[in-house]
Amino acid sequence: MSVVDTAAGGLNREADEPGWEVDPDDDWGVAVIATVGRQLRLRREAVGMRVPEFAKAVGYGEDLVYKIEGGKRIPRQEYLDKADAVLGADGLIAAAWEDVKKVRYPKKVRDLAKMEEKAVEIGVYVCSSIPGLLQTPEHARALLESWLPAYSPEDLERRVAARMARQSIYERSPAPALAFVLEEATLHRKVGGTMVRRQQFERLLEVGRLPNVTLQVMPLDSTPHPGMSGRIELLKFEDGTAVGRSDGAFNGRPVSDLRELRILELRYGTIRAQALPPGESLALMERLLGET
């Protein structure tokens, strides 16, 4: 979220202040942010600065300072950098970002990202939207803005940033093998404006042409298939183990049992067999891009 200064005093509005609320169910995150907040408070007190004075010096509201020092808010990197400079911490406070960045996203997203980082093969079928690993920031934001109850502006940005952070998987070396199947209906859905849709099609084509990526589309006129009950995900690891999940099997919980994995692999394999081949899928997206 961009930092917006008010005309009076140059302090950021509360809605625009950097940082995110701490998930009380995330024990590790709570501990990390509480420790960082305590370090900030002790350093501020050690140099004899009161909260109002410090808040003005770093350019943020007093309420945010109290929340961060109280372990109720996750600071962003820019806040820690400014605090380090104002308090003359010689990099000690700025260095806390290495710990903060590990817990800045929701626990569920962190757990998924950890598995994706270790996987050598990833297979994904999504029936109702474009998979998160393929979304542009603008497309992801437009999708999340449609959810009810609505996310707060800062929580919305946090979730968009978390989704984009997972896409660092494309920078891995050696690159994992990635296979995606998405429904043609999701390509016709008008998510965002014209520019958002064009950028999303361009992103799909860019990723779909990568040598380690297979991107397929299930056509609108397909016959019924095993993925109609929801998402299917399969992650395989270098040691031969695997994890899978499906909305329509095993109550949606992650599974690693070989028998259960075989069921998901059978379903996913059938879906891929019924979908358009990669070349035809890319040609379809090129046509839709031209029509947008």
# chains A, B, ... in the order shown; residues from 1 in each chain; ligands from 1
>>> residues_around(residues="Gly240 (chain A)", least_positions_apart="6", cutoff="12 Å", atoms="only C-alpha atoms", output="number ranges by chain")
A: 118-121, 256, 258
>>> select_by_dssp(residues="region 36-222 of chain A", states="alpha helix (DSSP H)", output="PyMOL selection string")
chain A and resi 36-46+51-58+62-69+77-86+97-100+107-118+137-144+153-165+184-188+194-208
>>> residues_around(residues="Ser222 (chain A)", least_positions_apart="6", cutoff="10 Å", atoms="only C-alpha atoms", output="PyMOL selection string")
chain A and resi 183-184+274-276
>>> residues_around(residues="Val213 (chain A)", least_positions_apart="4", cutoff="9 Å", atoms="only C-alpha atoms", output="mmCIF file with N, CA, C and O atoms, in the first residue's frame")
data_model
loop_
_atom_site.group_PDB
_atom_site.id
_atom_site.type_symbol
_atom_site.label_atom_id
_atom_site.label_comp_id
_atom_site.auth_asym_id
_atom_site.auth_seq_id
_atom_site.Cartn_x
_atom_site.Cartn_y
_atom_site.Cartn_z
ATOM 1 N N PRO A 176 11.151 -26.064 -10.791
ATOM 2 C CA PRO A 176 10.232 -27.199 -10.643
ATOM 3 C C PRO A 176 9.372 -27.369 -11.896
ATOM 4 O O PRO A 176 9.202 -26.428 -12.668
ATOM 5 N N ALA A 177 8.841 -28.557 -12.075
ATOM 6 C CA ALA A 177 7.901 -28.796 -13.176
ATOM 7 C C ALA A 177 6.519 -28.373 -12.706
ATOM 8 O O ALA A 177 6.030 -28.832 -11.677
ATOM 9 N N LEU A 178 5.880 -27.458 -13.444
ATOM 10 C CA LEU A 178 4.583 -26.910 -13.055
ATOM 11 C C LEU A 178 3.549 -27.237 -14.121
ATOM 12 O O LEU A 178 3.799 -27.045 -15.315
ATOM 13 N N ALA A 179 2.396 -27.726 -13.671
ATOM 14 C CA ALA A 179 1.310 -28.037 -14.596
ATOM 15 C C ALA A 179 0.023 -27.420 -14.069
ATOM 16 O O ALA A 179 -0.343 -27.623 -12.907
ATOM 17 N N PHE A 180 -0.651 -26.656 -14.915
ATOM 18 C CA PHE A 180 -1.892 -25.992 -14.534
ATOM 19 C C PHE A 180 -3.007 -26.373 -15.507
ATOM 20 O O PHE A 180 -2.778 -26.451 -16.716
ATOM 21 N N VAL A 207 3.858 -17.099 -18.851
ATOM 22 C CA VAL A 207 4.172 -18.260 -18.016
ATOM 23 C C VAL A 207 3.971 -19.552 -18.799
ATOM 24 O O VAL A 207 4.765 -20.496 -18.687
ATOM 25 N N GLY A 208 2.917 -19.599 -19.601
ATOM 26 C CA GLY A 208 2.623 -20.812 -20.348
ATOM 27 C C GLY A 208 3.696 -21.200 -21.348
ATOM 28 O O GLY A 208 3.766 -22.358 -21.773
ATOM 29 N N ARG A 209 4.536 -20.248 -21.732
ATOM 30 C CA ARG A 209 5.608 -20.525 -22.690
ATOM 31 C C ARG A 209 6.925 -20.902 -22.015
ATOM 32 O O ARG A 209 7.905 -21.203 -22.691
#
>>> closest_residue(among="A:Ala283, A:Met164, A:Leu220, A:Cys127", to="Ala113 (chain A)", atoms="only C-alpha atoms")
A:Met164
